[in-house]
file target.cif (mmCIF, C-alpha atoms)
data_data
#
loop_
_atom_site.label_atom_id
_atom_site.label_comp_id
_atom_site.auth_asym_id
_atom_site.auth_seq_id
_atom_site.Cartn_x
_atom_site.Cartn_y
_atom_site.Cartn_z
CA MET A 6 97.90 116.51 81.79
CA VAL A 7 95.84 119.60 82.53
CA LYS A 8 94.89 120.08 78.87
CA MET A 9 94.17 116.38 78.29
CA PRO A 10 90.34 116.59 78.79
CA ILE A 11 90.19 119.48 76.27
CA LYS A 12 92.19 117.52 73.70
CA LEU A 13 90.08 114.45 74.34
CA TRP A 14 86.83 116.34 73.82
CA ALA A 15 88.19 117.88 70.61
CA ASP A 16 88.70 114.39 69.17
CA PRO A 17 85.54 113.11 67.37
CA ALA A 18 86.34 109.54 68.44
CA GLY A 19 86.64 110.69 72.02
CA ARG A 20 83.30 112.48 71.93
CA THR A 21 81.59 109.50 70.32
CA GLY A 22 83.05 106.99 72.77
CA PHE A 23 82.20 109.21 75.72
CA ALA A 24 78.60 109.61 74.49
CA ILE A 25 78.16 105.84 74.08
CA LEU A 26 79.54 105.03 77.52
CA THR A 27 77.57 107.83 79.15
CA SER A 28 74.38 106.46 77.59
CA ALA A 29 75.15 103.00 78.98
CA LEU A 30 75.81 104.49 82.41
CA VAL A 31 72.57 106.49 82.35
CA ALA A 32 70.67 103.32 81.36
CA ALA A 33 72.19 101.40 84.26
CA VAL A 34 71.48 104.14 86.80
CA THR A 35 67.93 104.95 85.70
CA ALA A 36 66.71 101.36 85.20
CA PRO A 37 65.50 100.83 88.81
CA LEU A 38 64.01 104.33 88.87
CA LEU A 39 62.02 103.91 85.66
CA PHE A 40 61.13 100.25 86.13
CA PRO A 41 61.22 99.44 89.86
CA GLU A 42 59.42 96.13 89.28
CA GLY A 43 62.60 94.75 87.75
CA PRO A 44 63.36 92.82 84.55
CA TRP A 45 61.96 89.42 85.61
CA VAL A 46 58.25 90.35 85.59
CA MET A 47 56.09 88.87 82.82
CA VAL A 48 54.23 91.85 81.34
CA ALA A 49 52.86 90.67 77.98
CA GLN A 50 52.47 87.67 75.72
CA PRO A 51 55.67 85.73 75.03
CA LEU A 52 57.70 86.45 71.88
CA LEU A 53 55.97 89.75 71.10
CA PRO A 54 57.85 91.22 68.10
CA PRO A 55 59.52 94.62 68.45
CA PHE A 56 58.12 97.96 67.25
CA LEU A 57 54.50 96.81 67.54
CA SER A 58 53.71 98.24 70.97
CA LEU A 59 54.68 101.53 72.58
CA SER A 60 54.55 99.82 75.96
CA HIS A 61 57.10 97.21 74.84
CA PRO A 62 59.08 98.84 72.01
CA LEU A 63 61.69 96.07 71.72
CA GLY A 64 59.24 93.21 72.18
CA THR A 65 59.26 90.47 74.78
CA ASP A 66 61.25 87.29 75.36
CA MET A 67 60.06 83.69 75.54
CA LEU A 68 58.51 84.29 78.98
CA GLY A 69 56.82 87.59 78.16
CA ARG A 70 59.38 89.82 79.88
CA ASP A 71 59.98 93.27 78.44
CA LEU A 72 63.24 93.22 76.45
CA PHE A 73 63.79 96.97 76.74
CA VAL A 74 63.69 96.75 80.53
CA SER A 75 66.03 93.75 80.41
CA LEU A 76 68.51 95.72 78.30
CA LEU A 77 68.56 98.58 80.80
CA TYR A 78 69.12 96.24 83.73
CA GLY A 79 71.69 94.30 81.71
CA ALA A 80 73.79 97.44 81.50
CA GLN A 81 74.08 97.34 85.31
CA ALA A 82 75.77 93.93 85.30
CA SER A 83 78.12 94.79 82.45
CA LEU A 84 79.21 98.16 83.85
CA THR A 85 79.52 96.86 87.42
CA VAL A 86 81.90 94.12 86.33
CA GLY A 87 83.66 96.36 83.80
CA ILE A 88 84.40 99.15 86.28
CA GLY A 89 85.19 96.87 89.21
CA ALA A 90 87.45 94.50 87.29
CA SER A 91 89.37 97.18 85.39
CA LEU A 92 90.01 99.30 88.50
CA GLY A 93 90.85 96.25 90.61
CA SER A 94 93.28 94.93 88.00
CA ALA A 95 94.87 98.35 87.66
CA PHE A 96 95.31 98.83 91.41
CA ILE A 97 96.90 95.43 92.03
CA GLY A 98 98.95 95.45 88.84
CA VAL A 99 100.30 98.98 89.23
CA THR A 100 101.14 98.38 92.89
CA LEU A 101 103.06 95.16 92.24
CA GLY A 102 104.58 96.39 88.99
CA GLY A 103 105.69 99.61 90.66
CA ILE A 104 107.34 97.69 93.48
CA ALA A 105 109.09 95.41 90.98
CA GLY A 106 110.34 98.29 88.86
CA TYR A 107 111.40 100.47 91.77
CA ARG A 108 113.03 97.81 93.94
CA GLY A 109 114.38 95.38 91.35
CA GLY A 110 116.29 92.31 92.46
CA LEU A 111 114.62 89.16 93.75
CA ILE A 112 111.19 90.71 94.26
CA ASP A 113 111.26 91.95 90.65
CA ASP A 114 112.06 88.45 89.40
CA LEU A 115 109.34 86.88 91.53
CA ILE A 116 106.61 89.28 90.39
CA MET A 117 107.62 89.09 86.72
CA ARG A 118 107.73 85.28 86.72
CA THR A 119 104.23 85.29 88.22
CA THR A 120 102.96 87.62 85.50
CA GLU A 121 104.51 85.39 82.82
CA LEU A 122 102.73 82.38 84.32
CA LEU A 123 99.37 84.16 84.33
CA GLN A 124 99.77 85.61 80.84
CA GLY A 125 100.66 82.17 79.50
CA MET A 126 97.19 80.88 80.40
CA PRO A 127 94.11 81.38 78.17
CA ALA A 128 92.47 84.33 79.92
CA PHE A 129 88.83 83.49 79.18
CA VAL A 130 89.19 79.79 80.01
CA PHE A 131 90.98 80.60 83.27
CA THR A 132 88.24 83.09 84.16
CA ILE A 133 85.52 80.48 83.57
CA VAL A 134 87.33 77.96 85.77
CA LEU A 135 87.68 80.49 88.60
CA VAL A 136 84.02 81.55 88.38
CA ALA A 137 82.92 77.92 88.48
CA ILE A 138 85.06 77.35 91.58
CA LEU A 139 83.89 80.51 93.36
CA SER A 140 80.20 80.01 92.41
CA PRO A 141 78.43 82.25 89.87
CA SER A 142 77.91 85.88 90.90
CA LEU A 143 78.97 89.35 89.81
CA ALA A 144 81.50 89.44 92.62
CA SER A 145 83.10 86.13 91.60
CA THR A 146 83.20 87.17 87.94
CA THR A 147 84.85 90.46 88.87
CA ALA A 148 87.36 88.72 91.15
CA ALA A 149 88.20 86.14 88.49
CA ILE A 150 88.87 88.84 85.88
CA VAL A 151 91.07 90.72 88.36
CA VAL A 152 93.10 87.59 89.12
CA VAL A 153 93.63 87.03 85.41
CA GLY A 154 94.05 90.67 84.41
CA TRP A 155 96.43 92.35 86.87
CA ALA A 156 99.53 90.82 85.25
CA GLN A 157 99.36 93.01 82.16
CA PHE A 158 99.18 96.14 84.30
CA ALA A 159 102.12 94.92 86.36
CA ARG A 160 104.34 94.49 83.29
CA VAL A 161 103.46 97.91 81.88
CA ALA A 162 103.89 99.61 85.28
CA ARG A 163 107.19 97.86 85.89
CA GLY A 164 108.52 99.04 82.53
CA GLU A 165 107.47 102.63 83.24
CA PHE A 166 109.00 102.63 86.74
CA VAL A 167 112.27 101.21 85.40
CA LYS A 168 112.31 103.93 82.74
CA PHE A 169 111.86 106.78 85.22
CA ARG A 170 113.66 105.30 88.24
CA HIS A 171 117.02 106.90 87.41
CA ARG A 172 115.81 110.21 85.97
CA GLU A 173 117.19 113.45 87.37
CA PHE A 174 113.96 114.57 89.05
CA VAL A 175 113.78 111.26 90.95
CA HIS A 176 117.34 111.61 92.21
CA ALA A 177 116.58 115.20 93.22
CA ALA A 178 113.55 114.06 95.21
CA ILE A 179 115.57 111.38 96.99
CA VAL A 180 118.33 113.86 97.87
CA SER A 181 115.71 116.27 99.23
CA GLY A 182 114.68 113.60 101.74
CA LEU A 183 111.51 112.26 100.12
CA GLY A 184 110.93 108.62 101.08
CA ASP A 185 110.54 105.70 98.71
CA LEU A 186 106.74 105.77 98.83
CA GLY A 187 106.68 109.50 98.15
CA VAL A 188 109.10 109.16 95.25
CA ALA A 189 107.08 106.34 93.70
CA VAL A 190 103.67 107.99 94.14
CA LYS A 191 104.48 111.67 93.67
CA GLN A 192 107.35 111.57 91.17
CA ILE A 193 107.25 108.39 89.08
CA LEU A 194 103.57 107.41 89.03
CA PRO A 195 102.29 110.64 87.39
CA ASN A 196 104.74 110.11 84.52
CA ALA A 197 103.75 106.45 84.18
CA LEU A 198 100.01 107.12 83.99
CA PRO A 199 99.39 107.64 80.23
CA PRO A 200 99.83 104.01 79.07
CA LEU A 201 98.16 102.75 82.24
CA ILE A 202 95.08 104.90 81.65
CA VAL A 203 94.73 103.58 78.10
CA LEU A 204 95.24 100.02 79.34
CA THR A 205 92.52 100.52 81.96
CA SER A 206 90.02 101.53 79.29
CA LEU A 207 90.89 98.45 77.22
CA LYS A 208 90.59 96.23 80.30
CA PHE A 209 87.13 97.70 80.88
CA ALA A 210 86.04 96.54 77.42
CA PHE A 211 87.59 93.11 77.98
CA SER A 212 85.80 92.80 81.33
CA VAL A 213 82.41 93.68 79.82
CA LEU A 214 82.87 91.13 77.05
CA THR A 215 84.12 88.49 79.49
CA GLU A 216 81.14 88.97 81.81
CA SER A 217 78.81 88.54 78.84
CA GLY A 218 80.65 85.42 77.73
CA VAL A 219 80.45 83.93 81.22
CA SER A 220 76.72 84.70 81.43
CA PHE A 221 76.18 83.30 77.94
CA LEU A 222 77.60 79.98 79.16
CA GLY A 223 75.23 79.96 82.13
CA LEU A 224 77.79 80.90 84.81
CA GLY A 225 76.57 84.45 85.39
CA ASP A 226 74.80 85.75 88.48
CA PRO A 227 71.36 84.03 88.48
CA ASP A 228 69.82 87.02 90.27
CA ARG A 229 71.03 89.70 87.83
CA MET A 230 69.92 90.32 84.27
CA SER A 231 72.82 90.37 81.82
CA TRP A 232 73.30 91.00 78.13
CA GLY A 233 75.18 87.72 77.88
CA TYR A 234 72.29 85.87 79.52
CA LEU A 235 69.83 87.38 77.01
CA ILE A 236 72.03 86.42 74.07
CA GLY A 237 72.35 82.89 75.39
CA ALA A 238 68.63 82.58 76.12
CA GLY A 239 67.63 83.72 72.65
CA HIS A 240 70.28 82.11 70.44
CA SER A 241 68.15 78.99 69.85
CA LEU A 242 65.24 81.18 68.72
CA LEU A 243 67.09 83.28 66.15
CA SER A 244 65.01 81.97 63.25
CA HIS A 245 61.71 83.34 64.57
CA ALA A 246 62.56 85.56 67.59
CA TRP A 247 65.77 87.25 66.48
CA TRP A 248 65.27 90.32 68.64
CA ILE A 249 65.96 88.47 71.91
CA SER A 250 69.63 88.00 70.97
CA ILE A 251 70.19 90.76 68.43
CA PHE A 252 69.32 93.74 70.63
CA PRO A 253 71.54 92.77 73.61
CA GLY A 254 74.25 91.75 71.16
CA ALA A 255 74.04 95.18 69.53
CA ALA A 256 74.20 96.87 72.98
CA LEU A 257 77.28 94.83 73.85
CA ALA A 258 78.98 95.57 70.53
CA LEU A 259 78.17 99.27 70.75
CA THR A 260 79.62 99.46 74.26
CA ALA A 261 82.82 97.74 73.12
CA ILE A 262 83.09 100.12 70.16
CA GLY A 263 82.59 103.09 72.47
CA VAL A 264 85.41 101.94 74.75
CA HIS A 265 87.67 101.34 71.74
CA LEU A 266 87.02 104.83 70.36
CA LEU A 267 87.58 106.42 73.76
CA SER A 268 90.82 104.48 74.36
CA GLU A 269 92.17 105.55 70.96
CA ALA A 270 91.32 109.16 71.72
CA LEU A 271 92.93 108.84 75.15
CA GLY A 272 96.10 107.50 73.56
CA ARG A 273 96.29 110.41 71.12
CA ALA A 274 95.61 112.97 73.85
CA LEU A 275 98.07 111.54 76.35
CA GLU A 276 100.98 111.05 73.97
CA MET A 277 100.93 114.80 73.28
CA GLU A 278 101.34 115.61 76.98
CA PRO A 279 104.80 116.49 78.35
CA LEU A 280 106.08 114.83 81.51
CA GLN A 281 104.77 116.58 84.59
CA MET A 282 107.86 116.36 86.75
CA ASP A 283 110.69 116.46 84.19
CA ARG A 284 110.61 119.77 82.37
#
call {"tool": "encode", "arguments": {"input": "target.cif", "output": "structure tokens"}}
result
Amino acid sequence: MVKMPIKLWADPAGRTGFAILTSALVAAVTAPLLFPEGPWVMVAQPLLPPFLSLSHPLGTDMLGRDLFVSLLYGAQASLTVGIGASLGSAFIGVTLGGIAGYRGGLIDDLIMRTTELLQGMPAFVFTIVLVAILSPSLASTTAAIVVVGWAQFARVARGEFVKFRHREFVHAAIVSGLGDLGVAVKQILPNALPPLIVLTSLKFAFSVLTESGVSFLGLGDPDRMSWGYLIGAGHSLLSHAWWISIFPGAALALTAIGVHLLSEALGRALEMEPLQMDR
């Protein structure tokens, strides 16, 4: 996978997706530096239209809060949940799926039946129920998405571990005295990474959209600005204050498109890579 970043950067979709996500990350990081007063401060008259003031280029909401500042802070909530939930789901799912694929037997059956149970539930509805039980916050939203989302990683990881479990390089490592953990982590996992990396990027997009949906329904963190909260707050004013919902909706859609482009480029780059340990 050494040449993978070069191949990814050579792909126009990869460059575009990377640029979009980098912009969102920069917005999230710089928001408290550029606007330390936060997004909740009323700075101008309510419902100021966009593009009329250099001080408030995207206008204000129904309470006179700067929409541009709100968008920057909204990126923090979306990226925090997106990164946390995708990595958390990947860690739990790959760990359990790897154990199931490597060990087999009863533990394999138990883990796979659990994944089937979770995947049979409507993911978004289940997430909303868990957030409502845990109380609204970024942490509870992230945890709920992880609980719902690890099963897909487990099934993919289990399939990859089963595929490589009986390959020659694995048998050679076992004969050389490498323990089960070393075989799984050093020999099988590197070969199983390509589909898991792509799945992680897709889970990131799902997590961002889910957080926005939860916030839209009023179950988001009440202390954090969110794109979903802005969309929900402005949807009843679309006829005469369209910018309150349209701009955060566009930011959300653009982020999802960026992740989609990057995941497609990742898939194309990774499928060209030979196996590291089986040459």
call {"tool": "resolve_selection", "arguments": {"input": "target.cif", "expression": "the PyMOL selection byres ((chain A and resi 70-81) around 6)", "output": "ChimeraX atom specification"}}
result
/A:32-33,36,44,46-48,63-66,68-69,82-85,230-232
call {"tool": "closest_atom_pairs", "arguments": {"input": "target.cif", "of": "segment 85-145 of chain A", "to": "segment 163-180 of chain A", "cutoff": "8 Å", "atoms": "all atoms listed in the file", "output": "CSV"}}
result
residue,atom,partner,partner_atom,distance
A:Val99,CA,A:Arg163,CA,7.7
A:Gly102,CA,A:Arg163,CA,4.3
A:Gly103,CA,A:Arg163,CA,5.3
A:Ile104,CA,A:Arg163,CA,7.6
A:Ala105,CA,A:Arg163,CA,6.0
A:Gly106,CA,A:Arg163,CA,4.4
A:Tyr107,CA,A:Phe166,CA,6.0
call {"tool": "residues_near_point", "arguments": {"input": "target.cif", "point": "(55.8, 83.4, 72.4)", "cutoff": "6 Å", "atoms": "only C-alpha atoms", "output": "ChimeraX atom specification"}}
result
/A:51-52,67
call {"tool": "atom_distance", "arguments": {"input": "target.cif", "atom1": "atom CA of Ile262 of chain A", "atom2": "atom CA of Ala15 of chain A"}}
result
18.5 Å
call {"tool": "resolve_selection", "arguments": {"input": "target.cif", "expression": "the PyMOL selection byres ((chain A and resi 206) around 9)", "output": "list in words"}}
result
Ser91, Leu201, Ile202, Val203, Leu204, Thr205, Leu207, Lys208, Phe209, Ala210, Phe211, Val264, His265, Leu267, Ser268 and Leu271 of chain A
call {"tool": "atom_distance", "arguments": {"input": "target.cif", "atom1": "atom CA of Pro195 of chain A", "atom2": "atom CA of Leu266 of chain A"}}
result
23.6 Å
call {"tool": "atom_distance", "arguments": {"input": "target.cif", "atom1": "atom CA of Val134 of chain A", "atom2": "atom CA of Phe221 of chain A"}}
result
14.6 Å
call {"tool": "resolve_selection", "arguments": {"input": "target.cif", "expression": "the PyMOL selection byres ((chain A and resi 249) around 6)", "output": "PDB file with C-alpha atoms, in the coordinates of the input"}}
result
ATOM      1  CA  ASP A  66      61.250  87.290  75.360  1.00  0.00           C
ATOM      2  CA  GLY A 239      67.630  83.720  72.650  1.00  0.00           C
ATOM      3  CA  TRP A 247      65.770  87.250  66.480  1.00  0.00           C
ATOM      4  CA  TRP A 248      65.270  90.320  68.640  1.00  0.00           C
ATOM      5  CA  SER A 250      69.630  88.000  70.970  1.00  0.00           C
ATOM      6  CA  ILE A 251      70.190  90.760  68.430  1.00  0.00           C
TER       7      ILE A 251
END
call {"tool": "closest_residue", "arguments": {"input": "target.cif", "among": "A:Ile138, A:Ile97, A:Ala128, A:Leu222", "to": "Ala159 of chain A", "atoms": "all atoms listed in the file"}}
result
A:Ile97
call {"tool": "residues_around", "arguments": {"input": "target.cif", "residues": "Val130 of chain A", "least_positions_apart": "3", "cutoff": "12 Å", "atoms": "all atoms listed in the file", "output": "VMD selection string"}}
result
chain A and resid 123 125 to 127 133 to 137 149 to 150 153 215 218 to 219 222
call {"tool": "closest_residue", "arguments": {"input": "target.cif", "among": "A:Ala95, A:Gly87, A:Ala162, A:Ser145", "to": "Asp113 of chain A", "atoms": "all atoms listed in the file"}}
result
A:Ala162
call {"tool": "decode", "arguments": {"input": "target.cif", "residues": "segment 83-214 of chain A", "atoms": "C-alpha atoms", "output": "PDB file, in the first residue's frame"}}
result
ATOM      1  CA  SER A  83     -20.572  16.916  12.409  1.00  0.00           C
ATOM      2  CA  LEU A  84     -16.881  16.031  12.182  1.00  0.00           C
ATOM      3  CA  THR A  85     -16.621  15.091  15.862  1.00  0.00           C
ATOM      4  CA  VAL A  86     -19.442  12.583  15.539  1.00  0.00           C
ATOM      5  CA  GLY A  87     -18.325  11.450  12.076  1.00  0.00           C
ATOM      6  CA  ILE A  88     -14.745  10.706  13.110  1.00  0.00           C
ATOM      7  CA  GLY A  89     -15.607   9.262  16.507  1.00  0.00           C
ATOM      8  CA  ALA A  90     -18.437   7.036  15.306  1.00  0.00           C
ATOM      9  CA  SER A  91     -16.649   5.714  12.219  1.00  0.00           C
ATOM     10  CA  LEU A  92     -13.439   4.890  14.102  1.00  0.00           C
ATOM     11  CA  GLY A  93     -15.336   3.430  17.050  1.00  0.00           C
ATOM     12  CA  SER A  94     -17.470   1.247  14.793  1.00  0.00           C
ATOM     13  CA  ALA A  95     -14.399   0.120  12.880  1.00  0.00           C
ATOM     14  CA  PHE A  96     -12.432  -0.768  16.018  1.00  0.00           C
ATOM     15  CA  ILE A  97     -15.214  -2.812  17.630  1.00  0.00           C
ATOM     16  CA  GLY A  98     -16.377  -4.388  14.383  1.00  0.00           C
ATOM     17  CA  VAL A  99     -12.927  -5.371  13.131  1.00  0.00           C
ATOM     18  CA  THR A 100     -11.964  -6.760  16.536  1.00  0.00           C
ATOM     19  CA  LEU A 101     -15.074  -8.929  16.868  1.00  0.00           C
ATOM     20  CA  GLY A 102     -15.177  -9.843  13.186  1.00  0.00           C
ATOM     21  CA  GLY A 103     -11.507 -10.796  13.256  1.00  0.00           C
ATOM     22  CA  ILE A 104     -12.048 -13.025  16.280  1.00  0.00           C
ATOM     23  CA  ALA A 105     -15.049 -14.657  14.599  1.00  0.00           C
ATOM     24  CA  GLY A 106     -13.207 -15.279  11.346  1.00  0.00           C
ATOM     25  CA  TYR A 107      -9.990 -16.472  12.960  1.00  0.00           C
ATOM     26  CA  ARG A 108     -11.473 -18.672  15.679  1.00  0.00           C
ATOM     27  CA  GLY A 109     -14.669 -19.917  14.042  1.00  0.00           C
ATOM     28  CA  GLY A 110     -16.930 -22.299  15.918  1.00  0.00           C
ATOM     29  CA  LEU A 111     -19.382 -21.189  18.593  1.00  0.00           C
ATOM     30  CA  ILE A 112     -17.925 -17.707  19.034  1.00  0.00           C
ATOM     31  CA  ASP A 113     -18.238 -17.148  15.280  1.00  0.00           C
ATOM     32  CA  ASP A 114     -21.905 -18.163  15.367  1.00  0.00           C
ATOM     33  CA  LEU A 115     -22.616 -15.955  18.368  1.00  0.00           C
ATOM     34  CA  ILE A 116     -21.012 -12.835  16.867  1.00  0.00           C
ATOM     35  CA  MET A 117     -22.609 -13.350  13.452  1.00  0.00           C
ATOM     36  CA  ARG A 118     -26.090 -13.891  14.912  1.00  0.00           C
ATOM     37  CA  THR A 119     -25.654 -10.654  16.862  1.00  0.00           C
ATOM     38  CA  THR A 120     -24.681  -8.766  13.708  1.00  0.00           C
ATOM     39  CA  GLU A 121     -27.715 -10.178  11.889  1.00  0.00           C
ATOM     40  CA  LEU A 122     -29.950  -8.967  14.717  1.00  0.00           C
ATOM     41  CA  LEU A 123     -28.493  -5.461  14.607  1.00  0.00           C
ATOM     42  CA  GLN A 124     -28.544  -5.215  10.817  1.00  0.00           C
ATOM     43  CA  GLY A 125     -32.183  -6.297  10.789  1.00  0.00           C
ATOM     44  CA  MET A 126     -33.179  -3.150  12.700  1.00  0.00           C
ATOM     45  CA  PRO A 127     -33.767   0.239  11.013  1.00  0.00           C
ATOM     46  CA  ALA A 128     -30.450   1.947  11.732  1.00  0.00           C
ATOM     47  CA  PHE A 129     -31.694   5.535  12.004  1.00  0.00           C
ATOM     48  CA  VAL A 130     -34.725   4.645  14.130  1.00  0.00           C
ATOM     49  CA  PHE A 131     -32.587   2.529  16.466  1.00  0.00           C
ATOM     50  CA  THR A 132     -30.091   5.395  16.777  1.00  0.00           C
ATOM     51  CA  ILE A 133     -32.844   7.853  17.718  1.00  0.00           C
ATOM     52  CA  VAL A 134     -34.178   5.482  20.374  1.00  0.00           C
ATOM     53  CA  LEU A 135     -30.713   5.042  21.898  1.00  0.00           C
ATOM     54  CA  VAL A 136     -30.015   8.792  21.908  1.00  0.00           C
ATOM     55  CA  ALA A 137     -33.347   9.445  23.605  1.00  0.00           C
ATOM     56  CA  ILE A 138     -32.516   6.851  26.267  1.00  0.00           C
ATOM     57  CA  LEU A 139     -28.973   8.114  26.847  1.00  0.00           C
ATOM     58  CA  SER A 140     -29.990  11.827  26.811  1.00  0.00           C
ATOM     59  CA  PRO A 141     -29.049  14.164  23.943  1.00  0.00           C
ATOM     60  CA  SER A 142     -25.341  14.950  23.554  1.00  0.00           C
ATOM     61  CA  LEU A 143     -22.551  14.453  21.036  1.00  0.00           C
ATOM     62  CA  ALA A 144     -21.221  11.581  23.118  1.00  0.00           C
ATOM     63  CA  SER A 145     -24.570   9.775  23.208  1.00  0.00           C
ATOM     64  CA  THR A 146     -25.088  10.293  19.468  1.00  0.00           C
ATOM     65  CA  THR A 147     -21.625   8.917  18.758  1.00  0.00           C
ATOM     66  CA  ALA A 148     -22.172   5.943  21.069  1.00  0.00           C
ATOM     67  CA  ALA A 149     -25.561   5.181  19.514  1.00  0.00           C
ATOM     68  CA  ILE A 150     -24.109   5.189  15.993  1.00  0.00           C
ATOM     69  CA  VAL A 151     -21.285   2.894  17.125  1.00  0.00           C
ATOM     70  CA  VAL A 152     -23.738   0.443  18.688  1.00  0.00           C
ATOM     71  CA  VAL A 153     -25.720   0.364  15.450  1.00  0.00           C
ATOM     72  CA  GLY A 154     -22.770   0.503  13.062  1.00  0.00           C
ATOM     73  CA  TRP A 155     -20.130  -1.993  14.232  1.00  0.00           C
ATOM     74  CA  ALA A 156     -22.023  -4.990  12.831  1.00  0.00           C
ATOM     75  CA  GLN A 157     -21.270  -4.148   9.207  1.00  0.00           C
ATOM     76  CA  PHE A 158     -17.552  -3.912   9.959  1.00  0.00           C
ATOM     77  CA  ALA A 159     -17.698  -7.230  11.794  1.00  0.00           C
ATOM     78  CA  ARG A 160     -19.215  -9.042   8.811  1.00  0.00           C
ATOM     79  CA  VAL A 161     -16.695  -7.597   6.355  1.00  0.00           C
ATOM     80  CA  ALA A 162     -13.751  -8.287   8.695  1.00  0.00           C
ATOM     81  CA  ARG A 163     -14.948 -11.822   9.365  1.00  0.00           C
ATOM     82  CA  GLY A 164     -15.146 -12.536   5.637  1.00  0.00           C
ATOM     83  CA  GLU A 165     -11.639 -11.192   5.065  1.00  0.00           C
ATOM     84  CA  PHE A 166     -10.158 -13.171   7.970  1.00  0.00           C
ATOM     85  CA  VAL A 167     -11.826 -16.368   6.753  1.00  0.00           C
ATOM     86  CA  LYS A 168     -10.405 -15.737   3.280  1.00  0.00           C
ATOM     87  CA  PHE A 169      -6.826 -15.313   4.492  1.00  0.00           C
ATOM     88  CA  ARG A 170      -6.884 -17.661   7.496  1.00  0.00           C
ATOM     89  CA  HIS A 171      -5.584 -20.670   5.551  1.00  0.00           C
ATOM     90  CA  ARG A 172      -3.197 -18.912   3.169  1.00  0.00           C
ATOM     91  CA  GLU A 173       0.395 -20.090   2.943  1.00  0.00           C
ATOM     92  CA  PHE A 174       1.940 -17.014   4.580  1.00  0.00           C
ATOM     93  CA  VAL A 175      -0.332 -17.469   7.618  1.00  0.00           C
ATOM     94  CA  HIS A 176       0.672 -21.114   8.014  1.00  0.00           C
ATOM     95  CA  ALA A 177       4.321 -20.097   7.667  1.00  0.00           C
ATOM     96  CA  ALA A 178       3.929 -17.510  10.423  1.00  0.00           C
ATOM     97  CA  ILE A 179       2.293 -20.053  12.733  1.00  0.00           C
ATOM     98  CA  VAL A 180       5.048 -22.605  12.095  1.00  0.00           C
ATOM     99  CA  SER A 181       7.665 -19.939  12.838  1.00  0.00           C
ATOM    100  CA  GLY A 182       6.184 -19.569  16.328  1.00  0.00           C
ATOM    101  CA  LEU A 183       4.147 -16.380  15.923  1.00  0.00           C
ATOM    102  CA  GLY A 184       1.180 -16.354  18.306  1.00  0.00           C
ATOM    103  CA  ASP A 185      -2.466 -15.978  17.355  1.00  0.00           C
ATOM    104  CA  LEU A 186      -2.543 -12.250  18.087  1.00  0.00           C
ATOM    105  CA  GLY A 187       0.597 -11.670  16.029  1.00  0.00           C
ATOM    106  CA  VAL A 188      -0.759 -13.700  13.125  1.00  0.00           C
ATOM    107  CA  ALA A 189      -4.058 -11.814  13.165  1.00  0.00           C
ATOM    108  CA  VAL A 190      -2.547  -8.332  13.505  1.00  0.00           C
ATOM    109  CA  LYS A 191       0.674  -8.652  11.508  1.00  0.00           C
ATOM    110  CA  GLN A 192      -0.285 -11.147   8.796  1.00  0.00           C
ATOM    111  CA  ILE A 193      -4.037 -11.119   8.157  1.00  0.00           C
ATOM    112  CA  LEU A 194      -5.134  -7.604   9.112  1.00  0.00           C
ATOM    113  CA  PRO A 195      -2.900  -5.749   6.601  1.00  0.00           C
ATOM    114  CA  ASN A 196      -4.416  -7.824   3.789  1.00  0.00           C
ATOM    115  CA  ALA A 197      -7.949  -7.229   5.072  1.00  0.00           C
ATOM    116  CA  LEU A 198      -7.593  -3.440   5.274  1.00  0.00           C
ATOM    117  CA  PRO A 199      -8.666  -2.260   1.777  1.00  0.00           C
ATOM    118  CA  PRO A 200     -12.426  -2.940   2.053  1.00  0.00           C
ATOM    119  CA  LEU A 201     -12.388  -1.878   5.703  1.00  0.00           C
ATOM    120  CA  ILE A 202     -10.812   1.479   4.855  1.00  0.00           C
ATOM    121  CA  VAL A 203     -13.458   2.160   2.221  1.00  0.00           C
ATOM    122  CA  LEU A 204     -16.197   1.085   4.635  1.00  0.00           C
ATOM    123  CA  THR A 205     -14.824   3.456   7.280  1.00  0.00           C
ATOM    124  CA  SER A 206     -15.095   6.400   4.897  1.00  0.00           C
ATOM    125  CA  LEU A 207     -18.692   5.480   4.070  1.00  0.00           C
ATOM    126  CA  LYS A 208     -19.505   5.101   7.768  1.00  0.00           C
ATOM    127  CA  PHE A 209     -18.102   8.590   8.322  1.00  0.00           C
ATOM    128  CA  ALA A 210     -20.607  10.007   5.819  1.00  0.00           C
ATOM    129  CA  PHE A 211     -23.438   8.016   7.399  1.00  0.00           C
ATOM    130  CA  SER A 212     -22.469   9.277  10.856  1.00  0.00           C
ATOM    131  CA  VAL A 213     -22.433  12.919   9.728  1.00  0.00           C
ATOM    132  CA  LEU A 214     -25.860  12.565   8.130  1.00  0.00           C
TER     133      LEU A 214
END
